Structures are given as C-alpha cells and as structure tokens.
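Next comes coords.txt, a file with compact mmCIF, C-alpha atoms.
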```txt
# COMPACT_ATOMS: atom_id res chain seq x y z
CA MET T 812 94.67 139.60 75.55
CA GLN T 813 98.34 138.65 75.86
CA ASN T 814 99.44 135.87 73.60
CA THR T 815 102.99 135.48 74.85
CA THR T 816 104.17 133.31 77.68
CA THR T 817 105.79 135.40 80.39
CA SER T 818 109.43 134.98 81.27
CA SER T 819 108.42 134.07 84.80
CA THR T 820 106.24 131.30 83.44
CA LEU T 821 109.08 130.01 81.31
CA ALA T 822 111.46 130.06 84.25
CA LYS T 823 108.89 128.35 86.49
CA SER T 824 108.53 125.56 84.01
CA GLY T 825 112.24 125.20 83.48
CA VAL T 826 111.85 125.62 79.73
CA ARG T 827 114.83 127.97 79.39
CA LYS T 828 117.18 125.70 81.25
CA THR T 829 115.80 122.37 80.18
CA ILE T 830 117.97 120.37 77.86
CA ASP T 831 116.07 119.59 74.72
CA LYS T 832 116.42 115.93 75.15
CA ASP T 833 114.91 114.87 71.90
CA ILE T 834 116.80 117.00 69.40
CA GLY T 835 120.47 116.71 68.64
CA MET T 836 121.52 114.38 71.46
CA ASP T 837 122.71 110.83 71.07
CA LYS T 838 119.94 108.64 72.48
CA SER T 839 122.19 106.81 74.93
CA ASP T 840 123.37 110.17 76.29
CA ALA T 841 119.80 111.42 76.45
CA LEU T 842 118.78 108.38 78.50
CA ALA T 843 121.64 108.75 81.00
CA PHE T 844 120.10 109.10 84.45
CA HIS T 845 121.87 112.35 85.26
CA ALA T 846 120.69 113.94 82.00
CA GLN T 847 117.10 112.95 82.53
CA LEU T 848 116.97 113.87 86.23
CA ASP T 849 118.91 117.12 85.80
CA SER T 850 116.35 118.28 83.26
CA MET T 851 113.74 118.25 86.06
CA ARG T 852 115.79 120.27 88.55
CA HIS T 853 114.63 123.65 87.32
CA LEU T 854 110.93 122.91 87.57
CA GLU T 855 109.05 124.94 90.15
CA ASP T 856 105.69 124.36 91.81
CA GLY T 857 102.97 125.13 89.30
CA TRP T 858 105.10 123.93 86.38
CA ALA T 859 102.15 122.46 84.51
CA ASP T 860 99.52 124.90 85.77
CA GLY T 861 98.15 127.41 83.34
CA ILE T 862 95.98 130.44 83.79
CA SER T 863 94.66 129.05 87.09
CA TYR T 864 98.07 129.41 88.78
CA ILE T 865 98.59 132.62 90.65
CA PRO T 866 102.23 132.99 91.78
CA ASN T 867 102.72 133.47 95.50
CA LYS T 868 99.04 132.92 96.26
CA GLY T 869 99.74 129.44 97.57
CA LYS T 870 97.48 127.48 95.32
CA CYS T 871 99.20 125.47 92.69
CA GLU T 872 98.11 122.14 91.35
CA THR T 873 101.40 120.71 90.20
CA LYS T 874 104.39 120.15 92.44
CA ALA T 875 108.03 120.24 91.39
CA PRO T 876 110.23 117.26 92.28
CA SER T 877 112.36 118.15 95.32
CA GLN T 878 116.12 118.51 94.92
CA THR T 879 116.77 116.11 97.78
CA GLY T 880 114.40 113.61 96.20
CA LEU T 881 116.13 113.87 92.83
CA ASP T 882 119.52 113.51 94.55
CA TRP T 883 118.31 110.38 96.31
CA LEU T 884 116.93 108.85 93.10
CA ALA T 885 120.08 109.67 91.12
CA GLY T 886 122.20 107.99 93.79
CA ALA T 887 119.95 104.96 94.01
CA LEU T 888 119.84 104.43 90.25
CA ASN T 889 123.58 104.91 89.83
CA SER T 890 124.42 102.46 92.59
CA ARG T 891 121.69 99.86 92.18
CA TYR T 892 120.72 99.79 88.48
CA PRO T 893 123.22 97.82 86.35
CA GLU T 894 124.71 99.56 83.35
CA ASP T 895 123.85 96.72 81.02
CA LEU T 896 120.10 96.93 81.62
CA PRO T 897 117.83 98.97 79.32
CA LYS T 898 117.40 102.39 80.85
CA PRO T 899 113.90 103.73 81.43
CA TYR T 900 112.52 107.01 80.24
CA LEU T 901 112.12 109.27 83.28
CA TYR T 902 109.49 111.99 83.69
CA PRO T 903 108.29 114.31 86.44
CA THR T 904 104.79 113.72 87.76
CA PRO T 905 102.36 116.50 88.74
CA GLU T 906 102.54 115.18 92.33
CA GLY T 907 106.27 115.86 92.58
CA GLY T 908 107.43 112.32 91.86
CA VAL T 909 109.25 110.66 88.99
CA GLN T 910 107.72 108.13 86.63
CA ALA T 911 109.95 105.58 84.93
CA GLU T 912 108.69 103.83 81.81
CA TRP T 913 110.05 100.89 79.85
CA THR T 914 108.82 99.21 76.66
CA LEU T 915 110.63 95.89 76.33
CA GLY T 916 109.20 94.00 73.36
CA ASN T 917 105.58 93.33 74.26
CA ASN T 918 106.21 94.25 77.90
CA GLU T 919 105.14 97.64 79.23
CA ILE T 920 106.33 98.80 82.63
CA VAL T 921 105.24 101.90 84.53
CA PHE T 922 107.09 102.67 87.75
CA GLU T 923 105.88 105.72 89.66
CA ILE T 924 108.33 106.76 92.37
CA ASP T 925 107.64 108.98 95.37
CA ILE T 926 111.12 110.43 95.63
CA ASP T 927 110.50 111.86 99.09
CA SER T 928 109.05 108.78 100.82
CA HIS T 929 111.08 106.34 98.66
CA SER T 930 107.97 104.29 97.89
CA ALA T 931 106.88 103.28 94.42
CA TYR T 932 104.05 101.80 92.41
CA TRP T 933 105.01 99.10 89.90
CA LEU T 934 102.86 97.97 87.01
CA TRP T 935 103.93 95.51 84.34
CA PHE T 936 101.66 94.19 81.61
CA ASN T 937 102.11 92.27 78.41
CA ARG T 938 100.43 93.91 75.44
CA THR T 939 99.73 90.61 73.72
CA SER T 940 98.57 88.39 76.57
CA ASP T 941 97.32 91.20 78.85
CA ASP T 942 98.95 89.41 81.80
CA ASP T 943 99.89 91.93 84.44
CA ASP T 944 101.38 92.49 87.86
CA GLU T 945 101.05 95.53 90.10
CA ARG T 946 102.51 96.17 93.52
CA GLU T 947 103.61 98.85 95.96
CA LEU T 948 107.32 98.81 96.78
CA ASP T 949 109.64 100.19 99.44
CA LEU T 950 112.78 101.43 97.70
CA ASP T 951 114.70 101.66 100.97
CA ASP T 952 114.74 97.85 100.94
CA ALA T 953 117.78 96.51 99.07
CA LYS T 954 115.90 93.32 98.23
CA VAL T 955 113.32 95.36 96.34
CA TRP T 956 116.03 96.69 94.04
CA GLU T 957 117.29 93.15 93.49
CA TRP T 958 113.78 92.11 92.55
CA LEU T 959 113.36 95.12 90.27
CA VAL T 960 116.62 94.42 88.44
CA ALA T 961 115.66 90.76 87.99
CA GLU T 962 112.24 91.75 86.62
CA ILE T 963 113.69 94.19 84.10
CA ARG T 964 116.26 91.64 83.03
CA SER T 965 113.67 88.91 82.54
CA LYS T 966 111.36 91.19 80.56
CA ALA T 967 114.22 92.46 78.43
CA ASP T 968 115.32 88.92 77.64
CA ALA T 969 111.79 87.61 76.96
CA MET V 1070 82.45 114.29 66.27
CA ASN V 1071 82.50 110.85 64.73
CA SER V 1072 84.63 107.76 65.20
CA ASP V 1073 87.43 109.15 63.06
CA THR V 1074 87.58 112.53 64.80
CA LEU V 1075 91.06 113.33 66.03
CA LEU V 1076 91.21 114.33 69.69
CA LEU V 1077 94.15 116.70 70.02
CA ARG V 1078 96.29 116.46 73.12
CA GLN V 1079 98.94 119.01 74.16
CA VAL V 1080 102.33 117.82 75.42
CA HIS V 1081 104.46 119.66 78.00
CA LEU V 1082 108.20 119.70 77.32
CA SER V 1083 108.90 117.83 80.55
CA TRP V 1084 106.76 114.99 79.30
CA ILE V 1085 109.20 114.18 76.54
CA SER V 1086 112.38 112.25 77.31
CA ALA V 1087 114.84 111.22 74.60
CA GLY V 1088 112.07 111.80 72.07
CA GLU V 1089 109.52 109.62 73.84
CA VAL V 1090 106.25 111.03 75.22
CA THR V 1091 105.17 109.76 78.62
CA SER V 1092 101.94 107.83 79.05
CA GLN V 1093 101.04 110.49 81.64
CA ALA V 1094 100.01 112.64 78.68
CA PHE V 1095 97.19 110.18 78.05
CA ARG V 1096 95.74 109.74 81.50
CA PRO V 1097 94.37 112.00 84.22
CA SER V 1098 96.60 112.97 87.12
CA LYS V 1099 95.26 113.18 90.65
CA LYS V 1100 94.22 116.80 90.09
CA ASP V 1101 92.17 116.05 86.97
CA ALA V 1102 89.14 114.40 88.63
CA GLY V 1103 89.34 111.37 86.37
CA GLN V 1104 89.07 113.09 83.00
CA ILE V 1105 91.50 114.58 80.51
CA SER V 1106 90.93 117.57 78.25
CA VAL V 1107 91.49 117.40 74.52
CA TYR V 1108 90.53 119.48 71.51
CA ASP V 1109 87.93 118.38 68.96
CA GLY V 1110 90.03 118.03 65.85
CA ASP V 1111 86.96 118.57 63.66
CA GLN V 1112 86.65 122.10 65.00
CA ILE V 1113 90.27 123.21 65.18
CA ILE V 1114 93.54 122.32 63.49
CA PRO V 1115 96.55 121.23 65.59
CA LYS V 1116 98.56 124.46 65.21
CA ALA V 1117 95.58 126.61 66.15
CA ALA V 1118 94.89 124.33 69.13
CA TRP V 1119 98.48 124.83 70.30
CA GLU V 1120 98.16 128.62 69.85
CA HIS V 1121 94.97 128.62 71.90
CA TYR V 1122 96.42 126.40 74.63
CA THR V 1123 99.54 128.48 75.06
CA GLY V 1124 98.25 131.93 74.20
CA VAL V 1125 94.77 131.95 75.73
CA LEU V 1126 94.87 129.29 78.43
CA LYS V 1127 98.51 130.10 79.23
CA TYR V 1128 99.64 126.49 79.53
CA LEU V 1129 102.97 125.28 78.22
CA SER V 1130 103.08 122.85 75.31
CA VAL V 1131 105.67 121.94 72.74
CA GLY V 1132 103.35 120.13 70.43
CA VAL V 1133 100.21 118.23 69.66
CA VAL V 1134 99.54 114.53 69.39
CA ALA V 1135 96.20 112.79 68.91
CA VAL V 1136 94.05 109.75 69.36
CA THR V 1137 90.76 109.14 67.59
CA VAL V 1138 87.35 108.76 69.13
CA SER V 1139 87.31 105.13 68.00
CA GLU V 1140 90.65 104.46 69.73
CA CYS V 1141 89.11 105.74 72.96
CA VAL V 1142 85.97 103.68 72.43
CA ALA V 1143 88.14 100.60 71.86
CA GLN V 1144 89.51 101.19 75.37
CA GLU V 1145 85.94 101.67 76.71
CA LEU V 1146 86.71 105.32 77.50
CA PRO V 1147 83.70 107.60 77.00
CA VAL V 1148 84.31 110.75 74.98
CA ALA V 1149 82.06 113.78 75.43
CA ALA V 1150 82.00 117.28 74.01
CA ASP V 1151 82.24 119.82 76.83
CA PRO V 1152 82.36 123.29 75.27
CA LEU V 1153 83.48 126.09 77.57
CA PRO V 1154 83.30 129.87 77.11
CA LEU V 1155 87.07 130.22 76.55
CA PHE V 1156 87.38 126.78 75.03
CA PRO V 1157 84.53 125.88 72.66
CA GLN V 1158 86.40 122.89 71.17
CA HIS V 1159 86.83 121.27 74.58
CA VAL V 1160 86.26 117.53 74.81
CA LEU V 1161 86.71 115.20 77.78
CA ILE V 1162 87.99 111.63 77.75
CA ASP V 1163 86.55 109.94 80.80
CA PHE V 1164 88.61 107.57 82.94
CA ARG V 1165 86.37 107.80 86.01
CA GLY V 1166 85.70 104.62 87.96
CA LEU V 1167 88.78 102.79 86.70
CA SER V 1168 91.31 101.06 88.92
CA ARG V 1169 94.84 102.45 88.85
CA LYS V 1170 96.00 99.40 86.90
CA SER V 1171 93.26 99.71 84.32
CA LEU V 1172 93.83 103.43 83.92
CA GLU V 1173 97.56 102.99 83.35
CA LYS V 1174 97.05 100.18 80.83
CA LYS V 1175 94.56 102.19 78.82
CA ALA V 1176 96.85 105.21 78.89
CA ARG V 1177 99.72 103.13 77.52
CA LYS V 1178 97.50 101.90 74.70
CA LEU V 1179 96.38 105.41 73.84
CA LYS V 1180 100.02 106.47 73.84
CA GLU V 1181 100.81 103.67 71.41
CA ALA V 1182 98.01 104.84 69.12
CA ALA V 1183 99.21 108.44 69.27
CA ASN V 1184 102.82 107.37 68.65
CA SER V 1185 101.85 105.55 65.50
CA ARG V 1186 100.29 108.76 64.24
CA GLY V 1187 103.27 110.98 65.18
CA TRP V 1188 103.30 114.67 66.04
CA LEU V 1189 100.55 116.67 64.40
CA PHE V 1190 102.23 119.92 65.37
CA ARG V 1191 105.59 120.55 66.97
CA THR V 1192 107.39 123.72 67.96
CA ASN V 1193 111.13 124.16 67.35
```

Can you dump the structure from the file as structure tokens?
Amino acid sequence: MQNTTTSSTLAKSGVRKTIDKDIGMDKSDALAFHAQLDSMRHLEDGWADGISYIPNKGKCETKAPSQTGLDWLAGALNSRYPEDLPKPYLYPTPEGGVQAEWTLGNNEIVFEIDIDSHSAYWLWFNRTSDDDDERELDLDDAKVWEWLVAEIRSKADA
Amino acid sequence: MNSDTLLLRQVHLSWISAGEVTSQAFRPSKKDAGQISVYDGDQIIPKAAWEHYTGVLKYLSVGVVAVTVSECVAQELPVAADPLPLFPQHVLIDFRGLSRKSLEKKARKLKEAANSRGWLFRTN
C-alpha cells in the first residue's frame, strides 16, 4: 500500500504553494488579510477529502473558496475593517466559506462568512460569564459592518 | 479508554493561521453527520496516528493535537470507541443534537484545552 501523498493531492490541497504562516513570519505580517486569504487561493475542491475523494468523479465533500469570493472578502475587509482593530485569524471552511475567529480577553468570537452570498453567522460568547449573542448578518449592508466594527472594538476594550 | 485518555486529532495545514489552530478542528462540519473522528491515544502514539492518517487514509495533516475524555465529558460530549477495519483506534466525539451556538461554544472550549496541551506531533 502506498504511504506517500501524491503530488496531485498536494497540489489539490495547496500545500506546495501555501505560505507556512506559523513558522518564520512576523505575526503581524502573518495576520495581514492578504496573507491569510492568499494562502487559501490554491485550494481545490476536495482539499480536505482523503481516500474517499476520486478526482474528476464529481463527488467531493469539501469545497474550495471561490476566487471571486476571496476577492470580495479581501476588498471588504481592506475597506471596512479599521487598521487599529485586532485582526482575526482567517480559515477556509469545508463548505467553501471563510471563518474568522477572535479571542479578545475572555471574549470569543466566531464569524463564519459565505463569501459567495455575502451572508455570515456571528457568535460571540464570554468564557467567564457564558453570556452570548448569535445572529445572521448581511454583509452587503454597510450598517452591518459598522455594527461589526463597534462590536469588535467594545470586546477588545472590555 | 478512561477519563485521562488522550483523543488525538489531526490538523490540516489550512486550519492553522499565524500559529493558531481553528476551532473547526474541534467540531463537526456539515459533512460529518454531527460527530468527529479522533484516535484513541491509549492504542496509538501521536506520530503513528499521523502516519496512519496520511499514509493509509490519505488525508493531509501537519500535526496532532489532543483533548482528553474528561475534557469532552465536561462539555457533555459523549465519547465512544468505533473501531473500523482500516482504523481500529477510531473513536467518535458526538455533537449530535446540539444547536449551532452550543456546538461552536463547546468546540472553542475543546480548542482551549488542546492549546494548553500543545502539539503532540508536528511535521516540519
């Protein structure tokens, strides 16, 4: 039985081209939106599938984030997210979205973004009090971004 | 397994950003039918689990983190051995029946527990 990962599997996952974000980079550079989002651009459908994925057979369980979706998110973050706010960690989701995560003191925030429909799920909770807030958001609404920025600022300052 | 058994979880490279592992590594995605797969750390060491995951199951992983059975129980997440022909050390952590909010909160707490333990195995 083969024990090596095929080059096609590596390419599909983007491993060869992915910046190793956690070794050798200054953390502020690593958290820059373009660095985090660019590292997802080489993912292909099936990026987290294993032996069950058969290339070109149509059935894959994980979806790569779309280039247009990543472009949209990069533009939205660069124009609407102030430089002075703590940046989130950004990750691809198996559904083809992007998940943003913040830990701000005792505050945990998970923000799952559908980068194609521009909708998002927001969850904040406090680890100590267990207070929480969850909501669905429309990121095409400028007021939603204003609210988001205010929320991050208040949690960061708490 | 007992309460101190380490449940070994594989981490895909894309689930690390600036050194931080996403909480997605500790919760089921929509395709997972409400459960996540881990290795029984009493039956296999982290490096061997990584070798099995990448070499036999053909998944991609850059390392292994872990939570204990008791940490799952503290989050009211059932843990059950589920041996498979190609995967005898297979264990499931069960998130079925939870609301999205509850699932995310428990995943964040498992992530915190795993973070405090650090990487048990990491590739270069």

Provide the CA of Pro1152 in chain V to CA of Tyr1122 in chain V distance in Å, to one decimal place.
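These atoms are spaced 14.4 Å apart.
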
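Nearest residue to Glu1089 in chain V, choosing from V:Ala1183, V:Ile1105, V:Ile1113, V:Val1142 and counting all atoms listed in the file: V:Ala1183.
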
Find the spatial neighbours of Thr1091 in chain V, counting only C-alpha atoms, within a cut-off of 9 Å - ignore same-chain residues fewer than 5 positions away - and output them as a PyMOL selection string.
(chain T and resi 900-902+910-912) or (chain V and resi 1084-1086+1177+1180)

Would you mind exporting the chosen residues as a PDB file, in the frame of the given file, restricted to C-alpha atoms?
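See out_32.pdb below for the written result:
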```pdb
ATOM      1  CA  TYR T 900     112.520 107.010  80.240  1.00  0.00           C
ATOM      2  CA  LEU T 901     112.120 109.270  83.280  1.00  0.00           C
ATOM      3  CA  TYR T 902     109.490 111.990  83.690  1.00  0.00           C
ATOM      4  CA  GLN T 910     107.720 108.130  86.630  1.00  0.00           C
ATOM      5  CA  ALA T 911     109.950 105.580  84.930  1.00  0.00           C
ATOM      6  CA  GLU T 912     108.690 103.830  81.810  1.00  0.00           C
TER       7      GLU T 912
ATOM      8  CA  TRP V1084     106.760 114.990  79.300  1.00  0.00           C
ATOM      9  CA  ILE V1085     109.200 114.180  76.540  1.00  0.00           C
ATOM     10  CA  SER V1086     112.380 112.250  77.310  1.00  0.00           C
ATOM     11  CA  ARG V1177      99.720 103.130  77.520  1.00  0.00           C
ATOM     12  CA  LYS V1180     100.020 106.470  73.840  1.00  0.00           C
TER      13      LYS V1180
END
```

Contacts of range 941-957 of chain T at 7 Å or less, counting only C-alpha atoms, minus same-chain residues fewer than 2 places along, as a PyMOL selection string?
chain T and resi 891+929-939+959-961

Could you work out which residues of chain V fall inside 12 Å of chain T? Count all atoms listed in the file, and format the result as a count of residues only.
52

Starting from 5 Å padding per side, set up an axis-aligned box that covers all listed atoms of range 1082-1100 of chain V and hand over centre and edge lengths in Å, one decimal, as JSON.
```
{"center_x": 104.5, "center_y": 113.8, "center_z": 81.4, "size_x": 30.6, "size_y": 21.9, "size_z": 28.6}
```

Written-out range 1071-1086 of chain V (all heavy atoms) as a PDB file, in the first residue's frame:
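That gives us result_21.pdb:
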```pdb
ATOM      1  N   ASN V1071     -10.074   5.675  29.412  1.00  0.00           N
ATOM      2  CA  ASN V1071     -10.512   6.156  30.716  1.00  0.00           C
ATOM      3  C   ASN V1071     -10.543   7.671  30.634  1.00  0.00           C
ATOM      4  O   ASN V1071     -10.316   8.248  29.577  1.00  0.00           O
ATOM      5  CB  ASN V1071      -9.583   5.651  31.820  1.00  0.00           C
ATOM      6  CG  ASN V1071      -8.143   6.045  31.587  1.00  0.00           C
ATOM      7  OD1 ASN V1071      -7.849   7.227  31.418  1.00  0.00           O
ATOM      8  ND2 ASN V1071      -7.243   5.078  31.550  1.00  0.00           N
ATOM      9  N   SER V1072     -10.797   8.324  31.753  1.00  0.00           N
ATOM     10  CA  SER V1072     -11.006   9.776  31.703  1.00  0.00           C
ATOM     11  C   SER V1072      -9.752  10.536  31.265  1.00  0.00           C
ATOM     12  O   SER V1072      -9.836  11.637  30.736  1.00  0.00           O
ATOM     13  CB  SER V1072     -11.483  10.285  33.062  1.00  0.00           C
ATOM     14  OG  SER V1072     -10.512  10.000  34.046  1.00  0.00           O
ATOM     15  N   ASP V1073      -8.594   9.940  31.483  1.00  0.00           N
ATOM     16  CA  ASP V1073      -7.353  10.616  31.119  1.00  0.00           C
ATOM     17  C   ASP V1073      -6.858  10.269  29.721  1.00  0.00           C
ATOM     18  O   ASP V1073      -5.825  10.781  29.287  1.00  0.00           O
ATOM     19  CB  ASP V1073      -6.242  10.259  32.114  1.00  0.00           C
ATOM     20  CG  ASP V1073      -6.537  10.801  33.500  1.00  0.00           C
ATOM     21  OD1 ASP V1073      -7.160  11.883  33.596  1.00  0.00           O
ATOM     22  OD2 ASP V1073      -6.176  10.135  34.494  1.00  0.00           O
ATOM     23  N   THR V1074      -7.572   9.406  29.028  1.00  0.00           N
ATOM     24  CA  THR V1074      -7.149   9.016  27.682  1.00  0.00           C
ATOM     25  C   THR V1074      -7.098  10.230  26.775  1.00  0.00           C
ATOM     26  O   THR V1074      -8.049  11.027  26.719  1.00  0.00           O
ATOM     27  CB  THR V1074      -8.106   7.973  27.087  1.00  0.00           C
ATOM     28  OG1 THR V1074      -8.079   6.795  27.896  1.00  0.00           O
ATOM     29  CG2 THR V1074      -7.726   7.613  25.658  1.00  0.00           C
ATOM     30  N   LEU V1075      -5.987  10.357  26.056  1.00  0.00           N
ATOM     31  CA  LEU V1075      -5.864  11.426  25.077  1.00  0.00           C
ATOM     32  C   LEU V1075      -6.560  11.005  23.785  1.00  0.00           C
ATOM     33  O   LEU V1075      -6.347   9.903  23.283  1.00  0.00           O
ATOM     34  CB  LEU V1075      -4.387  11.709  24.785  1.00  0.00           C
ATOM     35  CG  LEU V1075      -3.609  12.403  25.900  1.00  0.00           C
ATOM     36  CD1 LEU V1075      -2.121  12.430  25.554  1.00  0.00           C
ATOM     37  CD2 LEU V1075      -4.118  13.817  26.134  1.00  0.00           C
ATOM     38  N   LEU V1076      -7.372  11.900  23.264  1.00  0.00           N
ATOM     39  CA  LEU V1076      -8.056  11.674  21.987  1.00  0.00           C
ATOM     40  C   LEU V1076      -7.325  12.525  20.953  1.00  0.00           C
ATOM     41  O   LEU V1076      -7.336  13.757  21.027  1.00  0.00           O
ATOM     42  CB  LEU V1076      -9.523  12.062  22.104  1.00  0.00           C
ATOM     43  CG  LEU V1076     -10.278  11.328  23.218  1.00  0.00           C
ATOM     44  CD1 LEU V1076     -11.688  11.888  23.390  1.00  0.00           C
ATOM     45  CD2 LEU V1076     -10.327   9.829  22.938  1.00  0.00           C
ATOM     46  N   LEU V1077      -6.657  11.867  20.022  1.00  0.00           N
ATOM     47  CA  LEU V1077      -5.741  12.534  19.107  1.00  0.00           C
ATOM     48  C   LEU V1077      -6.483  13.040  17.879  1.00  0.00           C
ATOM     49  O   LEU V1077      -7.169  12.270  17.196  1.00  0.00           O
ATOM     50  CB  LEU V1077      -4.635  11.548  18.683  1.00  0.00           C
ATOM     51  CG  LEU V1077      -3.937  10.793  19.818  1.00  0.00           C
ATOM     52  CD1 LEU V1077      -2.876   9.844  19.246  1.00  0.00           C
ATOM     53  CD2 LEU V1077      -3.319  11.749  20.819  1.00  0.00           C
ATOM     54  N   ARG V1078      -6.277  14.315  17.592  1.00  0.00           N
ATOM     55  CA  ARG V1078      -6.979  14.951  16.485  1.00  0.00           C
ATOM     56  C   ARG V1078      -5.958  15.471  15.481  1.00  0.00           C
ATOM     57  O   ARG V1078      -4.967  16.129  15.848  1.00  0.00           O
ATOM     58  CB  ARG V1078      -7.831  16.096  17.035  1.00  0.00           C
ATOM     59  CG  ARG V1078      -8.700  16.825  16.026  1.00  0.00           C
ATOM     60  CD  ARG V1078      -9.877  15.998  15.558  1.00  0.00           C
ATOM     61  NE  ARG V1078     -10.747  16.832  14.706  1.00  0.00           N
ATOM     62  CZ  ARG V1078     -11.503  16.356  13.733  1.00  0.00           C
ATOM     63  NH1 ARG V1078     -11.534  15.069  13.451  1.00  0.00           N
ATOM     64  NH2 ARG V1078     -12.262  17.184  13.018  1.00  0.00           N
ATOM     65  N   GLN V1079      -6.168  15.170  14.199  1.00  0.00           N
ATOM     66  CA  GLN V1079      -5.269  15.615  13.134  1.00  0.00           C
ATOM     67  C   GLN V1079      -5.646  17.025  12.697  1.00  0.00           C
ATOM     68  O   GLN V1079      -6.823  17.395  12.708  1.00  0.00           O
ATOM     69  CB  GLN V1079      -5.381  14.670  11.932  1.00  0.00           C
ATOM     70  CG  GLN V1079      -5.143  13.206  12.263  1.00  0.00           C
ATOM     71  CD  GLN V1079      -3.691  12.895  12.550  1.00  0.00           C
ATOM     72  OE1 GLN V1079      -2.801  13.608  12.086  1.00  0.00           O
ATOM     73  NE2 GLN V1079      -3.439  11.829  13.303  1.00  0.00           N
ATOM     74  N   VAL V1080      -4.640  17.791  12.285  1.00  0.00           N
ATOM     75  CA  VAL V1080      -4.878  19.187  11.878  1.00  0.00           C
ATOM     76  C   VAL V1080      -4.359  19.414  10.462  1.00  0.00           C
ATOM     77  O   VAL V1080      -3.175  19.199  10.172  1.00  0.00           O
ATOM     78  CB  VAL V1080      -4.189  20.173  12.851  1.00  0.00           C
ATOM     79  CG1 VAL V1080      -4.463  21.619  12.416  1.00  0.00           C
ATOM     80  CG2 VAL V1080      -4.698  19.962  14.275  1.00  0.00           C
ATOM     81  N   HIS V1081      -5.231  19.849   9.579  1.00  0.00           N
ATOM     82  CA  HIS V1081      -4.869  20.206   8.205  1.00  0.00           C
ATOM     83  C   HIS V1081      -4.106  21.523   8.219  1.00  0.00           C
ATOM     84  O   HIS V1081      -4.404  22.411   9.040  1.00  0.00           O
ATOM     85  CB  HIS V1081      -6.148  20.343   7.385  1.00  0.00           C
ATOM     86  CG  HIS V1081      -5.956  20.447   5.912  1.00  0.00           C
ATOM     87  ND1 HIS V1081      -5.479  21.592   5.304  1.00  0.00           N
ATOM     88  CD2 HIS V1081      -6.196  19.562   4.918  1.00  0.00           C
ATOM     89  CE1 HIS V1081      -5.435  21.397   3.997  1.00  0.00           C
ATOM     90  NE2 HIS V1081      -5.867  20.169   3.733  1.00  0.00           N
ATOM     91  N   LEU V1082      -3.147  21.667   7.304  1.00  0.00           N
ATOM     92  CA  LEU V1082      -2.350  22.896   7.245  1.00  0.00           C
ATOM     93  C   LEU V1082      -3.223  24.138   7.128  1.00  0.00           C
ATOM     94  O   LEU V1082      -2.932  25.176   7.729  1.00  0.00           O
ATOM     95  CB  LEU V1082      -1.379  22.827   6.066  1.00  0.00           C
ATOM     96  CG  LEU V1082      -0.532  24.081   5.828  1.00  0.00           C
ATOM     97  CD1 LEU V1082       0.390  24.354   7.023  1.00  0.00           C
ATOM     98  CD2 LEU V1082       0.290  23.955   4.557  1.00  0.00           C
ATOM     99  N   SER V1083      -4.286  24.059   6.359  1.00  0.00           N
ATOM    100  CA  SER V1083      -5.137  25.239   6.151  1.00  0.00           C
ATOM    101  C   SER V1083      -5.919  25.621   7.393  1.00  0.00           C
ATOM    102  O   SER V1083      -6.526  26.690   7.424  1.00  0.00           O
ATOM    103  CB  SER V1083      -6.099  25.010   4.990  1.00  0.00           C
ATOM    104  OG  SER V1083      -5.399  25.013   3.766  1.00  0.00           O
ATOM    105  N   TRP V1084      -5.863  24.774   8.404  1.00  0.00           N
ATOM    106  CA  TRP V1084      -6.545  25.100   9.648  1.00  0.00           C
ATOM    107  C   TRP V1084      -5.597  25.656  10.699  1.00  0.00           C
ATOM    108  O   TRP V1084      -5.885  25.634  11.893  1.00  0.00           O
ATOM    109  CB  TRP V1084      -7.332  23.886  10.148  1.00  0.00           C
ATOM    110  CG  TRP V1084      -8.646  23.775   9.425  1.00  0.00           C
ATOM    111  CD1 TRP V1084      -9.123  24.613   8.454  1.00  0.00           C
ATOM    112  CD2 TRP V1084      -9.651  22.813   9.611  1.00  0.00           C
ATOM    113  NE1 TRP V1084     -10.356  24.208   8.020  1.00  0.00           N
ATOM    114  CE2 TRP V1084     -10.722  23.105   8.712  1.00  0.00           C
ATOM    115  CE3 TRP V1084      -9.771  21.701  10.451  1.00  0.00           C
ATOM    116  CZ2 TRP V1084     -11.879  22.330   8.642  1.00  0.00           C
ATOM    117  CZ3 TRP V1084     -10.925  20.947  10.376  1.00  0.00           C
ATOM    118  CH2 TRP V1084     -11.962  21.249   9.489  1.00  0.00           C
ATOM    119  N   ILE V1085      -4.460  26.150  10.213  1.00  0.00           N
ATOM    120  CA  ILE V1085      -3.546  26.890  11.085  1.00  0.00           C
ATOM    121  C   ILE V1085      -3.336  28.257  10.441  1.00  0.00           C
ATOM    122  O   ILE V1085      -3.069  28.351   9.246  1.00  0.00           O
ATOM    123  CB  ILE V1085      -2.175  26.196  11.201  1.00  0.00           C
ATOM    124  CG1 ILE V1085      -2.342  24.748  11.670  1.00  0.00           C
ATOM    125  CG2 ILE V1085      -1.269  26.965  12.168  1.00  0.00           C
ATOM    126  CD1 ILE V1085      -1.058  23.935  11.559  1.00  0.00           C
ATOM    127  N   SER V1086      -3.485  29.318  11.222  1.00  0.00           N
ATOM    128  CA  SER V1086      -3.215  30.650  10.720  1.00  0.00           C
ATOM    129  C   SER V1086      -2.393  31.404  11.752  1.00  0.00           C
ATOM    130  O   SER V1086      -2.813  31.499  12.909  1.00  0.00           O
ATOM    131  CB  SER V1086      -4.528  31.393  10.434  1.00  0.00           C
ATOM    132  OG  SER V1086      -4.278  32.657   9.874  1.00  0.00           O
TER     133      SER V1086
END
```
